[in-house]
file input19.pdb (PDB, C-alpha atoms and all ligand atoms)
ATOM      1  CA  MET A   1     -78.897 -70.433 136.021
ATOM      2  CA  PRO A   2     -81.594 -73.101 135.564
ATOM      3  CA  GLU A   3     -80.510 -76.417 133.953
ATOM      4  CA  ASP A   4     -82.287 -75.546 130.700
ATOM      5  CA  GLY A   5     -80.567 -72.139 130.599
ATOM      6  CA  ALA A   6     -83.898 -70.308 130.410
ATOM      7  CA  LEU A   7     -83.608 -66.550 130.823
ATOM      8  CA  PRO A   8     -86.123 -64.324 132.631
ATOM      9  CA  ALA A   9     -88.409 -62.444 130.245
ATOM     10  CA  SER A  10     -86.877 -59.151 131.382
ATOM     11  CA  ALA A  11     -83.465 -60.215 130.009
ATOM     12  CA  LEU A  12     -84.946 -60.809 126.581
ATOM     13  CA  LEU A  13     -86.907 -57.547 126.412
ATOM     14  CA  GLY A  14     -85.602 -55.457 123.505
ATOM     15  CA  ALA A  15     -82.744 -57.926 122.962
ATOM     16  CA  GLY A  16     -82.812 -57.573 119.184
ATOM     17  CA  GLU A  17     -81.725 -53.943 119.487
ATOM     18  CA  ARG A  18     -78.550 -54.690 121.461
ATOM     19  CA  PRO A  19     -75.298 -56.156 120.148
ATOM     20  CA  LEU A  20     -74.439 -59.670 121.325
ATOM     21  CA  GLY A  21     -71.048 -60.806 122.635
ATOM     22  CA  PHE A  22     -69.626 -64.058 124.050
ATOM     23  CA  TYR A  23     -67.162 -64.389 126.926
ATOM     24  CA  LEU A  24     -65.689 -67.914 126.880
ATOM     25  CA  HIS A  25     -64.086 -68.726 130.214
ATOM     26  CA  VAL A  26     -61.108 -71.093 130.555
ATOM     27  CA  PRO A  27     -60.389 -71.701 134.253
ATOM     28  CA  TYR A  28     -56.868 -73.190 134.228
ATOM     29  CA  CYS A  29     -53.413 -71.866 135.083
ATOM     30  CA  ALA A  30     -50.022 -73.579 135.250
ATOM     31  CA  THR A  31     -49.356 -71.936 138.621
ATOM     32  CA  ARG A  32     -51.305 -69.409 140.670
ATOM     33  CA  CYS A  33     -49.840 -65.897 140.832
ATOM     34  CA  GLY A  34     -49.757 -64.670 144.429
ATOM     35  CA  TYR A  35     -51.998 -61.654 143.766
ATOM     36  CA  CYS A  36     -54.699 -63.381 141.708
ATOM     37  CA  ASP A  37     -58.096 -64.418 143.064
ATOM     38  CA  PHE A  38     -59.683 -65.245 139.727
ATOM     39  CA  ASN A  39     -61.744 -68.373 139.254
ATOM     40  CA  THR A  40     -58.934 -70.575 138.013
ATOM     41  CA  TYR A  41     -57.359 -73.920 138.933
ATOM     42  CA  THR A  42     -53.864 -75.364 138.787
ATOM     43  CA  ALA A  43     -53.196 -79.058 138.092
ATOM     44  CA  THR A  44     -52.619 -79.636 141.825
ATOM     45  CA  GLU A  45     -55.949 -78.024 142.716
ATOM     46  CA  LEU A  46     -57.704 -80.125 140.067
ATOM     47  CA  ARG A  47     -56.228 -83.333 141.497
ATOM     48  CA  GLY A  48     -57.320 -82.242 144.982
ATOM     49  CA  SER A  49     -60.911 -81.742 143.819
ATOM     50  CA  GLY A  50     -61.435 -85.500 143.411
ATOM     51  CA  GLY A  51     -62.830 -85.073 139.911
ATOM     52  CA  VAL A  52     -65.440 -82.455 140.857
ATOM     53  CA  LEU A  53     -63.764 -79.906 138.605
ATOM     54  CA  ALA A  54     -63.875 -80.365 134.826
ATOM     55  CA  SER A  55     -60.633 -81.729 133.413
ATOM     56  CA  ARG A  56     -58.728 -79.757 130.815
ATOM     57  CA  ASP A  57     -59.036 -82.631 128.315
ATOM     58  CA  ASN A  58     -62.766 -82.344 127.740
ATOM     59  CA  TYR A  59     -63.259 -78.702 128.744
ATOM     60  CA  ALA A  60     -63.633 -77.384 125.177
ATOM     61  CA  ASP A  61     -66.365 -79.943 124.434
ATOM     62  CA  THR A  62     -68.237 -79.052 127.624
ATOM     63  CA  LEU A  63     -68.060 -75.374 126.746
ATOM     64  CA  ILE A  64     -69.232 -76.062 123.194
ATOM     65  CA  ASP A  65     -72.290 -77.864 124.645
ATOM     66  CA  GLU A  66     -73.090 -74.673 126.507
ATOM     67  CA  VAL A  67     -72.799 -72.586 123.331
ATOM     68  CA  ARG A  68     -75.389 -74.941 121.799
ATOM     69  CA  LEU A  69     -77.569 -74.514 124.853
ATOM     70  CA  ALA A  70     -77.367 -70.728 124.394
ATOM     71  CA  ARG A  71     -78.614 -71.170 120.835
ATOM     72  CA  LYS A  72     -81.620 -73.172 122.096
ATOM     73  CA  VAL A  73     -82.422 -70.578 124.748
ATOM     74  CA  LEU A  74     -82.153 -67.648 122.360
ATOM     75  CA  GLY A  75     -84.257 -69.493 119.753
ATOM     76  CA  ASP A  76     -84.345 -67.741 116.406
ATOM     77  CA  ASP A  77     -82.552 -64.618 117.676
ATOM     78  CA  PRO A  78     -81.043 -63.352 114.391
ATOM     79  CA  ARG A  79     -78.135 -61.353 115.835
ATOM     80  CA  PRO A  80     -74.662 -62.303 114.588
ATOM     81  CA  VAL A  81     -72.059 -62.175 117.331
ATOM     82  CA  ARG A  82     -70.134 -58.911 117.438
ATOM     83  CA  THR A  83     -67.370 -59.898 119.877
ATOM     84  CA  VAL A  84     -65.906 -63.079 121.341
ATOM     85  CA  PHE A  85     -63.470 -62.818 124.255
ATOM     86  CA  VAL A  86     -61.709 -65.943 125.531
ATOM     87  CA  GLY A  87     -60.500 -65.162 129.037
ATOM     88  CA  GLY A  88     -59.187 -66.914 132.085
ATOM     89  CA  GLY A  89     -57.316 -68.260 133.703
ATOM     90  CA  THR A  90     -54.888 -69.009 130.944
ATOM     91  CA  PRO A  91     -56.860 -69.939 127.818
ATOM     92  CA  THR A  92     -53.621 -70.741 126.000
ATOM     93  CA  LEU A  93     -53.028 -73.721 128.295
ATOM     94  CA  LEU A  94     -55.594 -75.474 126.081
ATOM     95  CA  ALA A  95     -54.515 -76.646 122.643
ATOM     96  CA  ALA A  96     -54.914 -73.962 119.966
ATOM     97  CA  ASP A  97     -57.337 -76.326 118.249
ATOM     98  CA  ASP A  98     -59.572 -76.297 121.353
ATOM     99  CA  LEU A  99     -59.841 -72.492 121.250
ATOM    100  CA  VAL A 100     -60.487 -72.578 117.503
ATOM    101  CA  ARG A 101     -63.231 -75.223 117.973
ATOM    102  CA  MET A 102     -64.868 -73.132 120.701
ATOM    103  CA  LEU A 103     -64.895 -70.120 118.392
ATOM    104  CA  ALA A 104     -66.203 -72.260 115.519
ATOM    105  CA  ALA A 105     -69.118 -73.360 117.713
ATOM    106  CA  VAL A 106     -70.117 -69.726 118.263
ATOM    107  CA  ARG A 107     -69.789 -69.091 114.508
ATOM    108  CA  ASP A 108     -71.795 -72.199 113.582
ATOM    109  CA  GLU A 109     -74.597 -71.563 116.058
ATOM    110  CA  PHE A 110     -74.941 -67.773 115.792
ATOM    111  CA  GLY A 111     -72.801 -66.482 112.929
ATOM    112  CA  LEU A 112     -70.170 -63.791 113.387
ATOM    113  CA  ALA A 113     -70.514 -60.171 112.283
ATOM    114  CA  ASP A 114     -68.234 -59.354 109.314
ATOM    115  CA  ASP A 115     -66.085 -57.128 111.506
ATOM    116  CA  ALA A 116     -66.323 -59.272 114.660
ATOM    117  CA  GLU A 117     -63.603 -58.740 117.255
ATOM    118  CA  ILE A 118     -62.216 -62.117 118.379
ATOM    119  CA  THR A 119     -59.791 -61.945 121.312
ATOM    120  CA  THR A 120     -57.973 -64.426 123.462
ATOM    121  CA  GLU A 121     -55.914 -63.790 126.554
ATOM    122  CA  ALA A 122     -52.506 -65.472 126.584
ATOM    123  CA  ASN A 123     -49.693 -65.883 129.077
ATOM    124  CA  PRO A 124     -46.346 -65.002 127.517
ATOM    125  CA  GLU A 125     -44.717 -68.318 128.426
ATOM    126  CA  SER A 126     -47.618 -70.379 127.058
ATOM    127  CA  VAL A 127     -47.447 -69.505 123.349
ATOM    128  CA  ASP A 128     -45.014 -69.756 120.445
ATOM    129  CA  PRO A 129     -45.202 -68.656 116.786
ATOM    130  CA  ALA A 130     -46.896 -71.876 115.630
ATOM    131  CA  TYR A 131     -49.559 -71.605 118.337
ATOM    132  CA  LEU A 132     -50.272 -67.956 117.489
ATOM    133  CA  SER A 133     -50.473 -68.750 113.759
ATOM    134  CA  ALA A 134     -52.981 -71.529 114.469
ATOM    135  CA  LEU A 135     -55.170 -69.067 116.393
ATOM    136  CA  ARG A 136     -54.928 -66.464 113.645
ATOM    137  CA  GLU A 137     -55.802 -68.992 110.959
ATOM    138  CA  GLY A 138     -58.693 -70.178 113.126
ATOM    139  CA  GLY A 139     -60.267 -66.710 113.136
ATOM    140  CA  PHE A 140     -58.797 -64.855 116.119
ATOM    141  CA  ASN A 141     -57.795 -61.273 115.313
ATOM    142  CA  ARG A 142     -56.837 -59.849 118.747
ATOM    143  CA  VAL A 143     -54.588 -61.197 121.484
ATOM    144  CA  SER A 144     -53.964 -59.893 124.998
ATOM    145  CA  PHE A 145     -50.734 -60.823 126.789
ATOM    146  CA  GLY A 146     -50.218 -60.571 130.557
ATOM    147  CA  MET A 147     -46.942 -58.658 130.782
ATOM    148  CA  GLN A 148     -47.430 -56.995 134.206
ATOM    149  CA  SER A 149     -43.903 -55.556 134.480
ATOM    150  CA  ALA A 150     -40.571 -55.319 132.689
ATOM    151  CA  ARG A 151     -38.593 -55.619 135.932
ATOM    152  CA  GLN A 152     -37.490 -59.016 137.228
ATOM    153  CA  HIS A 153     -37.815 -58.067 140.926
ATOM    154  CA  VAL A 154     -41.412 -56.921 140.352
ATOM    155  CA  LEU A 155     -42.282 -60.079 138.392
ATOM    156  CA  LYS A 156     -40.842 -62.076 141.285
ATOM    157  CA  VAL A 157     -43.113 -60.426 143.876
ATOM    158  CA  LEU A 158     -46.042 -61.129 141.544
ATOM    159  CA  ASP A 159     -44.943 -64.806 141.143
ATOM    160  CA  ARG A 160     -44.863 -64.452 137.380
ATOM    161  CA  THR A 161     -43.082 -67.253 135.585
ATOM    162  CA  HIS A 162     -42.050 -65.444 132.384
ATOM    163  CA  THR A 163     -38.779 -63.588 132.011
ATOM    164  CA  PRO A 164     -38.489 -59.868 131.193
ATOM    165  CA  GLY A 165     -38.519 -59.413 127.424
ATOM    166  CA  ARG A 166     -40.739 -62.420 126.691
ATOM    167  CA  PRO A 167     -44.006 -60.382 126.455
ATOM    168  CA  GLU A 168     -42.360 -57.966 124.014
ATOM    169  CA  ALA A 169     -41.224 -60.949 121.901
ATOM    170  CA  CYS A 170     -44.824 -62.215 121.996
ATOM    171  CA  VAL A 171     -46.037 -58.973 120.424
ATOM    172  CA  ALA A 172     -43.590 -59.457 117.536
ATOM    173  CA  GLU A 173     -44.682 -63.095 117.152
ATOM    174  CA  ALA A 174     -48.356 -62.076 117.147
ATOM    175  CA  ARG A 175     -47.741 -59.401 114.527
ATOM    176  CA  ALA A 176     -45.797 -61.912 112.394
ATOM    177  CA  ALA A 177     -48.740 -64.314 112.691
ATOM    178  CA  GLY A 178     -51.003 -61.567 111.308
ATOM    179  CA  PHE A 179     -52.797 -60.270 114.417
ATOM    180  CA  GLU A 180     -54.174 -56.786 113.747
ATOM    181  CA  HIS A 181     -54.715 -55.996 117.427
ATOM    182  CA  VAL A 182     -52.419 -56.772 120.335
ATOM    183  CA  ASN A 183     -52.750 -55.764 123.976
ATOM    184  CA  LEU A 184     -50.302 -55.857 126.868
ATOM    185  CA  ASP A 185     -51.620 -55.960 130.468
ATOM    186  CA  LEU A 186     -49.544 -54.094 133.036
ATOM    187  CA  ILE A 187     -49.874 -53.868 136.815
ATOM    188  CA  TYR A 188     -48.620 -50.882 138.824
ATOM    189  CA  GLY A 189     -48.114 -50.432 142.551
ATOM    190  CA  THR A 190     -46.542 -53.830 143.253
ATOM    191  CA  PRO A 191     -44.674 -53.809 146.591
ATOM    192  CA  GLY A 192     -41.081 -52.774 145.907
ATOM    193  CA  GLU A 193     -41.841 -51.183 142.532
ATOM    194  CA  THR A 194     -40.454 -47.648 142.111
ATOM    195  CA  ASP A 195     -41.605 -44.861 139.805
ATOM    196  CA  ASP A 196     -38.596 -45.649 137.623
ATOM    197  CA  ASP A 197     -39.552 -49.325 137.451
ATOM    198  CA  TRP A 198     -43.036 -48.318 136.366
ATOM    199  CA  ARG A 199     -41.734 -45.949 133.701
ATOM    200  CA  ALA A 200     -39.423 -48.715 132.441
ATOM    201  CA  SER A 201     -42.376 -51.109 132.177
ATOM    202  CA  LEU A 202     -44.435 -48.565 130.261
ATOM    203  CA  ASP A 203     -41.506 -47.831 127.922
ATOM    204  CA  ALA A 204     -40.909 -51.523 127.305
ATOM    205  CA  ALA A 205     -44.595 -52.130 126.584
ATOM    206  CA  ILE A 206     -44.791 -49.194 124.183
ATOM    207  CA  GLY A 207     -41.532 -50.210 122.492
ATOM    208  CA  ALA A 208     -42.965 -53.650 121.724
ATOM    209  CA  GLY A 209     -45.561 -52.088 119.402
ATOM    210  CA  PRO A 210     -48.997 -53.132 120.717
ATOM    211  CA  ASP A 211     -51.992 -50.983 119.755
ATOM    212  CA  HIS A 212     -53.563 -51.322 123.222
ATOM    213  CA  VAL A 213     -52.290 -51.218 126.793
ATOM    214  CA  SER A 214     -54.278 -52.056 129.936
ATOM    215  CA  ALA A 215     -52.739 -50.719 133.148
ATOM    216  CA  TYR A 216     -54.268 -51.994 136.395
ATOM    217  CA  ALA A 217     -53.584 -50.806 139.930
ATOM    218  CA  LEU A 218     -52.588 -53.851 141.966
ATOM    219  CA  ILE A 219     -55.516 -54.958 144.110
ATOM    220  CA  VAL A 220     -54.437 -56.916 147.165
ATOM    221  CA  GLU A 221     -57.285 -59.418 147.313
ATOM    222  CA  GLU A 222     -58.229 -61.055 150.623
ATOM    223  CA  GLY A 223     -57.285 -64.720 150.758
ATOM    224  CA  THR A 224     -54.396 -64.469 148.308
ATOM    225  CA  GLN A 225     -50.805 -65.399 149.006
ATOM    226  CA  LEU A 226     -49.795 -61.779 148.478
ATOM    227  CA  ALA A 227     -52.265 -60.560 151.125
ATOM    228  CA  ARG A 228     -50.791 -63.065 153.594
ATOM    229  CA  ARG A 229     -47.247 -61.944 152.803
ATOM    230  CA  ILE A 230     -48.189 -58.316 153.389
ATOM    231  CA  ARG A 231     -49.939 -59.193 156.673
ATOM    232  CA  ARG A 232     -46.825 -61.039 157.856
ATOM    233  CA  GLY A 233     -44.740 -57.948 157.028
ATOM    234  CA  GLU A 234     -42.669 -59.745 154.382
ATOM    235  CA  VAL A 235     -43.492 -57.136 151.739
ATOM    236  CA  PRO A 236     -44.913 -53.632 152.229
ATOM    237  CA  MET A 237     -48.416 -52.517 151.217
ATOM    238  CA  THR A 238     -48.400 -49.894 148.468
ATOM    239  CA  ASP A 239     -49.755 -46.522 149.490
ATOM    240  CA  ASP A 240     -52.912 -45.249 147.730
ATOM    241  CA  ASP A 241     -51.162 -41.992 146.821
ATOM    242  CA  VAL A 242     -48.402 -43.971 145.111
ATOM    243  CA  HIS A 243     -51.056 -45.788 143.090
ATOM    244  CA  ALA A 244     -52.611 -42.440 142.139
ATOM    245  CA  ASP A 245     -49.221 -41.058 141.052
ATOM    246  CA  ARG A 246     -48.477 -44.150 138.957
ATOM    247  CA  TYR A 247     -51.844 -43.801 137.216
ATOM    248  CA  LEU A 248     -50.905 -40.239 136.252
ATOM    249  CA  ILE A 249     -47.492 -41.452 135.064
ATOM    250  CA  ALA A 250     -49.226 -44.089 132.930
ATOM    251  CA  ASP A 251     -51.374 -41.489 131.230
ATOM    252  CA  GLU A 252     -48.426 -39.123 130.734
ATOM    253  CA  VAL A 253     -46.146 -41.791 129.208
ATOM    254  CA  LEU A 254     -48.805 -43.592 127.167
ATOM    255  CA  GLY A 255     -50.374 -40.312 126.028
ATOM    256  CA  GLY A 256     -46.937 -39.060 124.950
ATOM    257  CA  ALA A 257     -46.510 -42.184 122.818
ATOM    258  CA  GLY A 258     -49.819 -41.772 120.983
ATOM    259  CA  PHE A 259     -52.046 -43.970 123.164
ATOM    260  CA  ASP A 260     -55.383 -42.321 123.991
ATOM    261  CA  TRP A 261     -57.021 -43.044 127.336
ATOM    262  CA  TYR A 262     -60.553 -44.235 126.548
ATOM    263  CA  GLU A 263     -61.644 -46.205 129.621
ATOM    264  CA  VAL A 264     -60.609 -46.383 133.299
ATOM    265  CA  SER A 265     -57.621 -48.694 132.779
ATOM    266  CA  ASN A 266     -57.254 -48.684 129.027
ATOM    267  CA  TRP A 267     -55.344 -46.860 126.323
ATOM    268  CA  ALA A 268     -55.334 -47.475 122.553
ATOM    269  CA  THR A 269     -53.513 -45.998 119.562
ATOM    270  CA  SER A 270     -56.723 -45.641 117.520
ATOM    271  CA  GLU A 271     -60.445 -46.188 117.724
ATOM    272  CA  ALA A 272     -60.017 -49.528 115.911
ATOM    273  CA  GLY A 273     -57.542 -50.604 118.591
ATOM    274  CA  ARG A 274     -60.042 -50.214 121.447
ATOM    275  CA  CYS A 275     -61.459 -53.338 123.047
ATOM    276  CA  LEU A 276     -64.955 -53.448 121.614
ATOM    277  CA  HIS A 277     -65.921 -56.386 123.849
ATOM    278  CA  ASN A 278     -65.269 -54.300 126.930
ATOM    279  CA  GLU A 279     -67.177 -51.381 125.440
ATOM    280  CA  LEU A 280     -70.184 -53.692 124.937
ATOM    281  CA  TYR A 281     -70.314 -54.215 128.711
ATOM    282  CA  TRP A 282     -70.209 -50.509 129.413
ATOM    283  CA  ARG A 283     -72.997 -49.901 126.887
ATOM    284  CA  GLY A 284     -75.248 -52.503 128.470
ATOM    285  CA  ALA A 285     -75.178 -54.870 125.487
ATOM    286  CA  ASP A 286     -76.012 -58.571 125.808
ATOM    287  CA  TRP A 287     -73.389 -61.218 126.478
ATOM    288  CA  TRP A 288     -73.400 -64.914 127.197
ATOM    289  CA  GLY A 289     -70.598 -66.428 129.277
ATOM    290  CA  PRO A 290     -70.175 -70.165 128.731
ATOM    291  CA  GLY A 291     -67.671 -71.911 130.940
ATOM    292  CA  ARG A 292     -66.990 -72.593 134.555
ATOM    293  CA  GLY A 293     -67.243 -69.061 135.936
ATOM    294  CA  PRO A 294     -67.005 -66.047 133.653
ATOM    295  CA  THR A 295     -66.125 -63.059 135.750
ATOM    296  CA  ALA A 296     -68.120 -60.501 133.789
ATOM    297  CA  MET A 297     -66.584 -57.040 133.857
ATOM    298  CA  TRP A 298     -63.455 -57.935 135.723
ATOM    299  CA  GLY A 299     -62.944 -60.980 133.558
ATOM    300  CA  VAL A 300     -62.312 -58.832 130.531
ATOM    301  CA  CYS A 301     -58.701 -58.011 130.862
ATOM    302  CA  GLY A 302     -56.803 -56.517 128.001
ATOM    303  CA  GLY A 303     -59.796 -54.296 127.857
ATOM    304  CA  GLY A 304     -61.319 -54.479 131.328
ATOM    305  CA  THR A 305     -61.672 -52.018 134.145
TER     306      THR A 305
HETATM  307  C1  LIG B   1     -57.816 -62.707 133.649
HETATM  308  S1  LIG B   1     -56.161 -62.198 133.994
HETATM  309  C2  LIG B   1     -55.578 -63.328 132.786
HETATM  310  C3  LIG B   1     -54.377 -63.024 132.096
HETATM  311  C4  LIG B   1     -53.360 -64.110 132.032
HETATM  312  N1  LIG B   1     -53.729 -65.289 132.761
HETATM  313  C5  LIG B   1     -52.054 -63.576 132.606
HETATM  314  O1  LIG B   1     -51.982 -63.534 133.823
HETATM  315  O2  LIG B   1     -51.176 -63.256 131.821
HETATM  316  C6  LIG B   1     -56.050 -60.618 133.262
HETATM  317  C7  LIG B   1     -55.247 -59.561 133.941
HETATM  318  O3  LIG B   1     -55.816 -59.173 135.182
HETATM  319  C8  LIG B   1     -54.848 -58.447 135.890
HETATM  320  N2  LIG B   1     -54.999 -58.790 137.301
HETATM  321  C9  LIG B   1     -55.268 -59.990 137.824
HETATM  322  N3  LIG B   1     -55.342 -59.917 139.174
HETATM  323  C10 LIG B   1     -55.099 -58.625 139.515
HETATM  324  C11 LIG B   1     -55.016 -57.909 140.747
HETATM  325  N4  LIG B   1     -55.181 -58.527 141.915
HETATM  326  N5  LIG B   1     -54.753 -56.578 140.704
HETATM  327  C12 LIG B   1     -54.590 -55.953 139.514
HETATM  328  N6  LIG B   1     -54.626 -56.586 138.312
HETATM  329  C13 LIG B   1     -54.892 -57.898 138.309
HETATM  330  C14 LIG B   1     -53.488 -58.829 135.286
HETATM  331  O4  LIG B   1     -52.957 -57.710 134.626
HETATM  332  C15 LIG B   1     -53.840 -59.917 134.295
HETATM  333  O5  LIG B   1     -52.998 -59.911 133.170
HETATM  334  S1  LIG B   2     -52.883 -63.639 136.828
HETATM  335 FE1  LIG B   2     -53.282 -64.930 135.078
HETATM  336  S2  LIG B   2     -51.737 -66.591 135.181
HETATM  337 FE2  LIG B   2     -51.769 -65.609 137.154
HETATM  338  S3  LIG B   2     -53.161 -66.931 138.356
HETATM  339 FE3  LIG B   2     -54.360 -65.172 137.557
HETATM  340  S4  LIG B   2     -55.248 -65.862 135.664
HETATM  341 FE4  LIG B   2     -53.591 -67.316 136.218
END

call {"tool": "encode", "arguments": {"input": "input19.pdb", "output": "C-alpha cells", "more": "lines below"}}
Ligand SMILES: C[S@@+](CC[C@H](N)C(=O)[O-])C[C@H]1O[C@@H](n2cnc3c(N)ncnc32)[C@H](O)[C@@H]1O
Ligand code: SF4
result
Amino acid sequence: MPEDGALPASALLGAGERPLGFYLHVPYCATRCGYCDFNTYTATELRGSGGVLASRDNYADTLIDEVRLARKVLGDDPRPVRTVFVGGGTPTLLAADDLVRMLAAVRDEFGLADDAEITTEANPESVDPAYLSALREGGFNRVSFGMQSARQHVLKVLDRTHTPGRPEACVAEARAAGFEHVNLDLIYGTPGETDDDWRASLDAAIGAGPDHVSAYALIVEEGTQLARRIRRGEVPMTDDDVHADRYLIADEVLGGAGFDWYEVSNWATSEAGRCLHNELYWRGADWWGPGRGPTAMWGVCGGGT
C-alpha cells in the first residue's frame, strides 16, 4: 500500500453500491500455540525485534491513525460501516478501553449502520466479566472465543493455556454482559483426538449456549512447532479421511442441536446469528484492514472459512 493509502481507481469503481466493513488487526499473543502461523507476536518476539515491531502500549493509537487515513482516502464516501471485526492474534490482550477507542474511531470517521455487527475475538483466559461488560458498553455486540477442544489432552497438543470448561464459562459471562451473539471456535483432527473426544467437544460447545460455532480442520502449517513435532515422529499426522469423518460428525451433532450449516466451517442457530462480516467477504463487499497484517479471509475466525 502506498504511504498515502491511495487506492487504484478499479478498487473504487462502483464502491457506493457495496457494503463496507472494517477488519481491525491486533497482532499480539501471550504465547504462541504450536499449530498457529498467524501474523502475531509474543512479548519475547517483540523484545527480539529491537523495537521494529509496534509495542502494545501505543498500538491502538497507531491503528486509529490508519482509520483516519482510510477516511482521507475514501473522501466523502457516504457509506456507514456495516461490520467491524477485531481479530488477531489476541485482541483481548489490549485493554478493553483500547478496543473501544478503536471502534469509536471507526464510528467517528465513518458512522456505523444502525444494525452494525461489531465482533471481537477473545481468548478464554484473557477476559473476565468486567472486561466483557466494558466491551459491551463500548458498542461490541458479538464475541468469538477460541475454545478448540473440551479435552485436556487435545488442548495440551495444541499448546492452549486455558483449562477445559473456561470457554463455556466465557459464554455465560458474555451473555450476562449482554452480548446478543457469541461464537465458539473449535478445531478437529488434532493428533491424538478420537471421534469421542470430538463429540465431547461439540457437546460441550453446544451446551454452553452460543448461537454460532466455527469448526476448523486442523491445518498443519509449515514452519510451526506442531509441524516439527510431527516430522520428528513425536505426534502422529491426522489422516485426511479422519478429518472428513469429523466434519460429517460436526454437521450431524450441530445440525441435531439446531445449528444450521451456512458456510464451509460455520454453523448458526438463526440467520441473525450468522457472521455477517464473513458473509461480506464472500459477497465481494469492500473492507479496510487497519493494523499490522490483517489476514483477510482466514483472519476472520468465528466466522471464517
Ligand atoms: C485468529 S485465531 C484467533 C483466536 C484466538 N487468538 C484464540 O486462539 O483463541 C482464530 C481461530 O483460528 C483457528 N486456527 C488457527 N490456526 C489454525 C490451524 N492451523 N488450523 C485450524 N484452525 C486454526 C482457531 O480455531 C482459532 O480460534
Ligand atoms: S491460535 Fe490464537 S492464541 Fe494461539 S497463537 Fe494463534 S492467534 Fe495466538

call {"tool": "residues_around", "arguments": {"input": "input19.pdb", "residues": "Arg136 of chain A", "least_positions_apart": "4", "cutoff": "12 Å", "atoms": "all atoms listed in the file", "output": "ChimeraX atom specification"}}
result
/A:96-97,99-100,103,118-120,129-132,140-143,173-181

call {"tool": "resolve_selection", "arguments": {"input": "input19.pdb", "expression": "the PyMOL selection byres (((chain A and resi 270-278) around 9) and not hetatm)", "output": "PDB file with C-alpha atoms, keeping the file's coordinate frame"}}
result
ATOM      1  CA  GLY A  21     -71.048 -60.806 122.635  1.00  0.00           C
ATOM      2  CA  PHE A  22     -69.626 -64.058 124.050  1.00  0.00           C
ATOM      3  CA  TYR A  23     -67.162 -64.389 126.926  1.00  0.00           C
ATOM      4  CA  ARG A  82     -70.134 -58.911 117.438  1.00  0.00           C
ATOM      5  CA  THR A  83     -67.370 -59.898 119.877  1.00  0.00           C
ATOM      6  CA  VAL A  84     -65.906 -63.079 121.341  1.00  0.00           C
ATOM      7  CA  PHE A  85     -63.470 -62.818 124.255  1.00  0.00           C
ATOM      8  CA  GLU A 117     -63.603 -58.740 117.255  1.00  0.00           C
ATOM      9  CA  ILE A 118     -62.216 -62.117 118.379  1.00  0.00           C
ATOM     10  CA  THR A 119     -59.791 -61.945 121.312  1.00  0.00           C
ATOM     11  CA  GLU A 180     -54.174 -56.786 113.747  1.00  0.00           C
ATOM     12  CA  HIS A 181     -54.715 -55.996 117.427  1.00  0.00           C
ATOM     13  CA  VAL A 182     -52.419 -56.772 120.335  1.00  0.00           C
ATOM     14  CA  ASN A 183     -52.750 -55.764 123.976  1.00  0.00           C
ATOM     15  CA  ASP A 211     -51.992 -50.983 119.755  1.00  0.00           C
ATOM     16  CA  HIS A 212     -53.563 -51.322 123.222  1.00  0.00           C
ATOM     17  CA  GLY A 258     -49.819 -41.772 120.983  1.00  0.00           C
ATOM     18  CA  PHE A 259     -52.046 -43.970 123.164  1.00  0.00           C
ATOM     19  CA  ASP A 260     -55.383 -42.321 123.991  1.00  0.00           C
ATOM     20  CA  TYR A 262     -60.553 -44.235 126.548  1.00  0.00           C
ATOM     21  CA  ASN A 266     -57.254 -48.684 129.027  1.00  0.00           C
ATOM     22  CA  TRP A 267     -55.344 -46.860 126.323  1.00  0.00           C
ATOM     23  CA  ALA A 268     -55.334 -47.475 122.553  1.00  0.00           C
ATOM     24  CA  THR A 269     -53.513 -45.998 119.562  1.00  0.00           C
ATOM     25  CA  GLU A 279     -67.177 -51.381 125.440  1.00  0.00           C
ATOM     26  CA  LEU A 280     -70.184 -53.692 124.937  1.00  0.00           C
ATOM     27  CA  TYR A 281     -70.314 -54.215 128.711  1.00  0.00           C
ATOM     28  CA  TRP A 282     -70.209 -50.509 129.413  1.00  0.00           C
ATOM     29  CA  ARG A 283     -72.997 -49.901 126.887  1.00  0.00           C
ATOM     30  CA  MET A 297     -66.584 -57.040 133.857  1.00  0.00           C
ATOM     31  CA  VAL A 300     -62.312 -58.832 130.531  1.00  0.00           C
ATOM     32  CA  CYS A 301     -58.701 -58.011 130.862  1.00  0.00           C
ATOM     33  CA  GLY A 302     -56.803 -56.517 128.001  1.00  0.00           C
ATOM     34  CA  GLY A 303     -59.796 -54.296 127.857  1.00  0.00           C
ATOM     35  CA  GLY A 304     -61.319 -54.479 131.328  1.00  0.00           C
ATOM     36  CA  THR A 305     -61.672 -52.018 134.145  1.00  0.00           C
TER      37      THR A 305
END

call {"tool": "atom_distance", "arguments": {"input": "input19.pdb", "atom1": "atom CA of Thr238 of chain A", "atom2": "atom CA of Asn123 of chain A"}}
result
25.2 Å

call {"tool": "resolve_selection", "arguments": {"input": "input19.pdb", "expression": "the PyMOL selection byres (((not hetatm)) within 6 of (chain B and resi 2))", "output": "number ranges by chain"}}
result
A: 29, 32-33, 36, 38, 88-90

call {"tool": "axis_aligned_box", "arguments": {"input": "input19.pdb", "around": "ligand LIG 1 (chain B)", "padding_each_side": "5 Å", "output": "AutoDock Vina command-line options"}}
result
--center_x -54.5 --center_y -60.6 --center_z 136.9 --size_x 16.6 --size_y 19.3 --size_z 20.1

call {"tool": "resolve_selection", "arguments": {"input": "input19.pdb", "expression": "the PyMOL selection byres (((chain A and resi 201-203) around 10) and not hetatm)", "output": "PyMOL selection string"}}
result
chain A and resi 147-151+164+184+186-188+195-200+204-208+213+215+249-251+253-254+257

call {"tool": "atom_distance", "arguments": {"input": "input19.pdb", "atom1": "atom CA of Pro91 of chain A", "atom2": "atom CA of Leu135 of chain A"}}
result
11.6 Å

call {"tool": "atom_distance", "arguments": {"input": "input19.pdb", "atom1": "atom CA of Ala122 of chain A", "atom2": "atom CA of Ser49 of chain A"}}
result
25.1 Å

call {"tool": "residues_around", "arguments": {"input": "input19.pdb", "residues": "Glu125 of chain A", "least_positions_apart": "6", "cutoff": "10 Å", "atoms": "all atoms listed in the file", "output": "PyMOL selection string"}}
result
chain A and resi 92-93+145-146+160-163+166-167+170

call {"tool": "residues_around", "arguments": {"input": "input19.pdb", "residues": "segment 64-70 of chain A", "least_positions_apart": "5", "cutoff": "10 Å", "atoms": "all atoms listed in the file", "output": "list of chain:residue names"}}
result
A:Glu3, A:Asp4, A:Gly5, A:Ala6, A:Leu7, A:Phe22, A:Leu24, A:Tyr59, A:Gly75, A:Asp98, A:Arg101, A:Met102, A:Leu103, A:Ala104, A:Ala105, A:Val106, A:Arg107, A:Asp108, A:Glu109, A:Phe110, A:Trp288, A:Gly289, A:Pro290, A:Gly291
